[in-house]
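Below is data.cif, holding mmCIF, C-alpha atoms.
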```cif
data_data
loop_
_atom_site.label_atom_id
_atom_site.label_comp_id
_atom_site.auth_asym_id
_atom_site.auth_seq_id
_atom_site.Cartn_x
_atom_site.Cartn_y
_atom_site.Cartn_z
CA MET A 394 86.27 167.70 -113.22
CA TYR A 395 85.85 171.48 -112.82
CA THR A 396 86.32 173.13 -109.43
CA THR A 397 85.97 176.44 -107.65
CA GLN A 398 86.19 177.63 -104.06
CA ILE A 399 83.98 180.04 -102.18
CA SER A 400 84.73 181.62 -98.81
CA LEU A 401 81.85 181.49 -96.37
CA LEU A 402 82.44 183.88 -93.47
CA ASN A 403 79.61 182.59 -91.27
CA TYR A 404 76.42 180.51 -91.20
CA ARG A 405 74.49 183.37 -92.75
CA LYS A 406 76.76 183.23 -95.82
CA THR A 407 76.27 179.46 -95.97
CA GLU A 408 72.52 180.02 -96.03
CA GLN A 409 72.95 182.75 -98.66
CA PHE A 410 74.86 180.32 -100.89
CA SER A 411 72.06 177.76 -100.42
CA GLY A 412 69.64 180.31 -101.86
CA ILE A 413 71.83 180.64 -104.97
CA LEU A 414 72.04 176.86 -105.21
CA ALA A 415 68.23 176.58 -104.95
CA ARG A 416 67.86 178.64 -108.14
CA THR A 417 70.18 176.24 -109.98
CA VAL A 418 69.15 172.70 -108.99
CA GLY A 419 66.08 170.57 -109.57
CA PRO A 420 64.79 167.05 -110.08
CA GLY A 421 67.45 164.57 -111.18
CA ASP A 422 70.26 166.59 -109.60
CA CYS A 423 72.43 165.14 -106.86
CA LEU A 424 74.38 167.22 -104.35
CA LEU A 425 77.04 165.30 -102.45
CA LEU A 426 78.10 167.11 -99.29
CA THR A 427 81.39 166.17 -97.64
CA GLY A 428 83.41 167.49 -94.71
CA GLU A 429 84.12 166.63 -91.12
CA ILE A 430 81.55 166.70 -88.34
CA GLY A 431 80.65 170.32 -87.63
CA SER A 432 81.72 171.64 -91.02
CA GLY A 433 78.22 172.88 -91.96
CA LYS A 434 76.80 170.12 -94.18
CA THR A 435 73.46 170.05 -92.35
CA VAL A 436 73.29 173.86 -92.23
CA LEU A 437 73.72 173.99 -96.01
CA ALA A 438 71.19 171.18 -96.63
CA ARG A 439 68.53 172.69 -94.35
CA ALA A 440 68.93 176.15 -95.88
CA LEU A 441 68.66 174.70 -99.38
CA ILE A 442 65.45 172.84 -98.51
CA ARG A 443 63.99 176.00 -96.93
CA ALA A 444 64.95 178.04 -100.01
CA LEU A 445 63.16 175.59 -102.31
CA TYR A 446 59.92 175.86 -100.35
CA LEU A 447 57.56 178.76 -100.12
CA PRO A 448 57.85 179.89 -96.47
CA GLU A 449 54.15 179.37 -95.80
CA ILE A 450 54.38 175.71 -96.86
CA LEU A 451 57.34 174.65 -94.75
CA GLN A 452 56.71 175.83 -91.21
CA GLU A 453 58.23 172.96 -89.26
CA GLU A 454 61.86 172.36 -88.35
CA ILE A 455 63.90 170.43 -90.89
CA PRO A 456 65.39 167.53 -88.95
CA SER A 457 68.78 166.06 -89.65
CA PRO A 458 68.34 162.55 -91.07
CA THR A 459 71.27 161.22 -89.01
CA TYR A 460 69.11 158.50 -87.44
CA THR A 461 66.37 158.08 -90.05
CA LEU A 462 69.00 158.14 -92.84
CA ILE A 463 66.55 159.74 -95.30
CA GLN A 464 63.99 162.50 -94.98
CA SER A 465 61.88 163.37 -98.02
CA TYR A 466 59.94 166.51 -98.86
CA HIS A 467 57.48 167.32 -101.64
CA CYS A 468 58.49 170.67 -103.06
CA ARG A 469 56.40 172.42 -105.68
CA THR A 470 56.65 169.98 -108.59
CA PHE A 471 59.33 167.57 -107.38
CA GLU A 472 60.57 165.59 -104.43
CA ILE A 473 63.65 166.34 -102.34
CA TRP A 474 65.53 163.50 -100.66
CA HIS A 475 67.80 164.61 -97.81
CA ALA A 476 70.08 161.73 -96.82
CA ASP A 477 72.74 161.39 -94.15
CA LEU A 478 75.02 158.42 -94.78
CA TYR A 479 77.19 158.84 -91.68
CA ARG A 480 75.80 155.66 -90.10
CA VAL A 481 75.71 153.59 -93.30
CA GLU A 482 78.08 150.66 -92.96
CA ASN A 483 77.96 149.03 -96.39
CA CYS A 484 76.86 149.71 -99.95
CA TRP A 485 73.87 147.39 -99.72
CA GLU A 486 72.23 149.76 -97.26
CA ILE A 487 72.35 152.49 -99.90
CA ILE A 488 70.49 150.24 -102.33
CA GLU A 489 67.92 149.26 -99.67
CA LEU A 490 67.22 152.92 -98.91
CA GLY A 491 66.08 153.45 -102.52
CA LEU A 492 68.51 156.32 -102.95
CA ILE A 493 69.84 155.03 -106.29
CA ASP A 494 66.33 155.16 -107.76
CA ALA A 495 65.74 158.65 -106.33
CA PHE A 496 68.76 159.99 -108.25
CA VAL A 497 66.66 159.79 -111.42
CA SER A 498 63.63 161.85 -110.44
CA ALA A 499 64.25 163.67 -107.16
CA LEU A 500 66.66 166.33 -106.03
CA CYS A 501 69.00 164.38 -103.75
CA VAL A 502 71.03 166.16 -101.07
CA VAL A 503 73.40 163.63 -99.53
CA GLU A 504 75.48 164.37 -96.45
CA TRP A 505 78.61 162.21 -96.23
CA GLY A 506 78.25 161.78 -100.00
CA ASP A 507 81.69 160.20 -100.28
CA ARG A 508 80.20 157.06 -98.70
CA LEU A 509 78.28 156.45 -101.94
CA ALA A 510 81.59 155.35 -103.51
CA HIS A 511 80.87 153.92 -106.96
CA PHE A 512 77.12 154.61 -106.56
CA ALA A 513 77.71 158.37 -106.82
CA PRO A 514 76.07 159.73 -109.98
CA ARG A 515 78.56 160.91 -112.54
CA ASN A 516 76.78 164.27 -112.89
CA ALA A 517 76.78 164.92 -109.12
CA LEU A 518 77.73 168.30 -107.72
CA TRP A 519 80.32 167.78 -104.97
CA LEU A 520 80.30 170.32 -102.14
CA HIS A 521 83.11 170.00 -99.60
CA LEU A 522 83.04 172.18 -96.49
CA ASP A 523 86.17 172.73 -94.41
CA ASN A 524 85.76 172.92 -90.66
CA PRO A 525 85.61 176.43 -89.23
CA THR A 526 88.51 177.59 -87.10
CA GLU A 527 88.13 177.79 -83.33
CA SER A 528 88.15 181.59 -83.41
CA SER A 529 85.61 182.15 -86.23
CA GLU A 530 82.87 180.58 -88.31
CA PHE A 531 84.91 181.09 -91.51
CA ARG A 532 84.99 178.05 -93.79
CA THR A 533 85.89 177.27 -97.39
CA LEU A 534 83.40 175.59 -99.70
CA SER A 535 85.01 173.63 -102.54
CA ILE A 536 82.69 172.83 -105.45
CA LYS A 537 83.40 170.17 -108.09
CA SER A 538 81.37 169.05 -111.08
CA GLU A 539 81.75 167.61 -114.55
CA ASN A 540 79.51 170.48 -115.70
CA ARG A 541 81.67 173.55 -116.29
CA ASP A 542 78.65 175.78 -116.98
CA LEU A 543 77.15 174.91 -113.61
CA ILE A 544 80.38 175.77 -111.77
CA GLU A 545 80.65 179.09 -113.62
CA ARG A 546 76.99 179.94 -112.98
CA LEU A 547 77.32 179.28 -109.23
CA TRP A 548 80.53 181.31 -109.05
CA ASN A 549 79.08 184.25 -110.99
CA ASP A 550 75.85 184.25 -108.97
CA TRP A 551 77.90 184.25 -105.77
CA LEU A 552 79.88 187.29 -106.93
CA GLU A 553 76.74 189.35 -107.69
#
```

structure tokens encoding of this file:
Amino acid sequence: MYTTQISLLNYRKTEQFSGILARTVGPGDCLLLTGEIGSGKTVLARALIRALYLPEILQEEIPSPTYTLIQSYHCRTFEIWHADLYRVENCWEIIELGLIDAFVSALCVVEWGDRLAHFAPRNALWLHLDNPTESSEFRTLSIKSENRDLIERLWNDWLE
């Protein structure tokens, strides 16, 4: 597994990273977001979804799927599944949601991705956000993937 870390000074930087991520991901990719409550998982997911849409198409607010568990969007030529597994209590719920099938053809952005356990796709991109400190919005984003080229591309794009 290849890893890198990126410092995100504030929410604006988190949104900026989502724009870089949007140029890299597509159908069949799975992003597993982890971190404590308040670490910025939903901020990153919403910004990514906005970045994948043309602004004139997506006018409405992007809700957190905390209660619906999954929210889907049709983006250009593919579907985006935004899932929040915080309230999922067992692995059978993941199967019932249809998330496993969506891994094949949709871009899946999964908050609380560690709850997928053995259902997590092997090629998933893991994004772990540390909680910000009380005195600032600064957080560290740790990125892990089996794909070294992907990690290097994200890191290099971030540095530009």

| remark: Between A:Ile473, A:Leu426, A:Leu437, A:Ala495, smallest distance to Ser535 of chain A by all atoms listed in the file belongs to A:Leu426

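Between atom CA of Arg416 of chain A and atom CA of Glu530 of chain A the interatomic distance comes to 24.9 Å.
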
| task | Could you tell me how far atom CA of Leu534 of chain A lies from atom CA of Thr470 of chain A, in Å and to one decimal? | result |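 Answer for the atom CA of Leu534 of chain A to atom CA of Thr470 of chain A separation: 28.7 Å.
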
Can you tell me, as a short mmCIF file (atom, residue, chain, number, x, y, z; two decimals) with C-alpha atoms, keeping the file's coordinate frame, what residues are no more than 9 Å from Leu520 of chain A when counting all atoms listed in the file, ignoring any on the same chain fewer than 4 positions away?
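Writing done, so here's part_37.cif:
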```
data_model
loop_
_atom_site.label_atom_id
_atom_site.label_comp_id
_atom_site.auth_asym_id
_atom_site.auth_seq_id
_atom_site.Cartn_x
_atom_site.Cartn_y
_atom_site.Cartn_z
CA LEU A 424 74.38 167.22 -104.35
CA LEU A 425 77.04 165.30 -102.45
CA LEU A 426 78.10 167.11 -99.29
CA THR A 427 81.39 166.17 -97.64
CA GLY A 428 83.41 167.49 -94.71
CA LYS A 434 76.80 170.12 -94.18
CA LEU A 534 83.40 175.59 -99.70
CA SER A 535 85.01 173.63 -102.54
CA ILE A 536 82.69 172.83 -105.45
CA LYS A 537 83.40 170.17 -108.09
#
```

| query | At most 12 Å from (86.5, 180.6, -90.1), file frame, only C-alpha atoms: which residues, as a list in words? | reply |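 I get Ser400, Leu401, Leu402, Asn403, Tyr404, Lys406, Thr407, Ser432, Gly433, Leu522, Asp523, Asn524, Pro525, Thr526, Glu527, Ser528, Ser529, Glu530, Phe531, Arg532, Thr533 and Leu534 of chain A for the residues within 12 Å of that point.
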
| Closest of A:Tyr479, A:Ser411, A:Leu509, A:Tyr395 to Asp542 of chain A - atom-to-atom distances counting all atoms listed in the file |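 Between A:Tyr479, A:Ser411, A:Leu509, A:Tyr395, the residue approaching Asp542 of chain A most closely is A:Tyr395.
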
| message | Could you list, as a PyMOL selection string, every residue matched by the PyMOL selection byres ((chain A and resi 480) around 8) in this structure? | response | chain A and resi 459-460+462+477-479+481-482

| Given all atoms listed in the file as the counted atoms, nearest of A:Ile463, A:Arg508, A:Pro458, A:Val502 to Ala415 of chain A | A:Val502

| request: Work out how far apart atom CA of Trp485 of chain A and atom CA of Glu504 of chain A are and give it in Å to one decimal. | output: 17.4 Å

| field | Matched chain/residue IDs from the PyMOL selection byres ((chain A and resi 414) around 12), as an NGL selection string | value | :A and (407-413 or 415-419 or 422-424 or 437-438 or 440-445 or 500 or 502 or 518 or 520 or 536 or 543-544 or 546-551)

Mind writing the picked residues with C-alpha atoms as an mmCIF file, keeping the file's coordinate frame?
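Wrote part.cif, looks like this:
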```
data_model
loop_
_atom_site.group_PDB
_atom_site.id
_atom_site.type_symbol
_atom_site.label_atom_id
_atom_site.label_comp_id
_atom_site.auth_asym_id
_atom_site.auth_seq_id
_atom_site.Cartn_x
_atom_site.Cartn_y
_atom_site.Cartn_z
ATOM 1 C CA THR A 407 76.270 179.460 -95.970
ATOM 2 C CA GLU A 408 72.520 180.020 -96.030
ATOM 3 C CA GLN A 409 72.950 182.750 -98.660
ATOM 4 C CA PHE A 410 74.860 180.320 -100.890
ATOM 5 C CA SER A 411 72.060 177.760 -100.420
ATOM 6 C CA GLY A 412 69.640 180.310 -101.860
ATOM 7 C CA ILE A 413 71.830 180.640 -104.970
ATOM 8 C CA ALA A 415 68.230 176.580 -104.950
ATOM 9 C CA ARG A 416 67.860 178.640 -108.140
ATOM 10 C CA THR A 417 70.180 176.240 -109.980
ATOM 11 C CA VAL A 418 69.150 172.700 -108.990
ATOM 12 C CA GLY A 419 66.080 170.570 -109.570
ATOM 13 C CA ASP A 422 70.260 166.590 -109.600
ATOM 14 C CA CYS A 423 72.430 165.140 -106.860
ATOM 15 C CA LEU A 424 74.380 167.220 -104.350
ATOM 16 C CA LEU A 437 73.720 173.990 -96.010
ATOM 17 C CA ALA A 438 71.190 171.180 -96.630
ATOM 18 C CA ALA A 440 68.930 176.150 -95.880
ATOM 19 C CA LEU A 441 68.660 174.700 -99.380
ATOM 20 C CA ILE A 442 65.450 172.840 -98.510
ATOM 21 C CA ARG A 443 63.990 176.000 -96.930
ATOM 22 C CA ALA A 444 64.950 178.040 -100.010
ATOM 23 C CA LEU A 445 63.160 175.590 -102.310
ATOM 24 C CA LEU A 500 66.660 166.330 -106.030
ATOM 25 C CA VAL A 502 71.030 166.160 -101.070
ATOM 26 C CA LEU A 518 77.730 168.300 -107.720
ATOM 27 C CA LEU A 520 80.300 170.320 -102.140
ATOM 28 C CA ILE A 536 82.690 172.830 -105.450
ATOM 29 C CA LEU A 543 77.150 174.910 -113.610
ATOM 30 C CA ILE A 544 80.380 175.770 -111.770
ATOM 31 C CA ARG A 546 76.990 179.940 -112.980
ATOM 32 C CA LEU A 547 77.320 179.280 -109.230
ATOM 33 C CA TRP A 548 80.530 181.310 -109.050
ATOM 34 C CA ASN A 549 79.080 184.250 -110.990
ATOM 35 C CA ASP A 550 75.850 184.250 -108.970
ATOM 36 C CA TRP A 551 77.900 184.250 -105.770
#
```

| task | Give the answer as one residue: which of A:Leu490, A:Arg439, A:Thr397, A:Ala517 has the shortest atom-to-atom distance to Tyr466 of chain A, using all atoms listed in the file? | result | A:Arg439
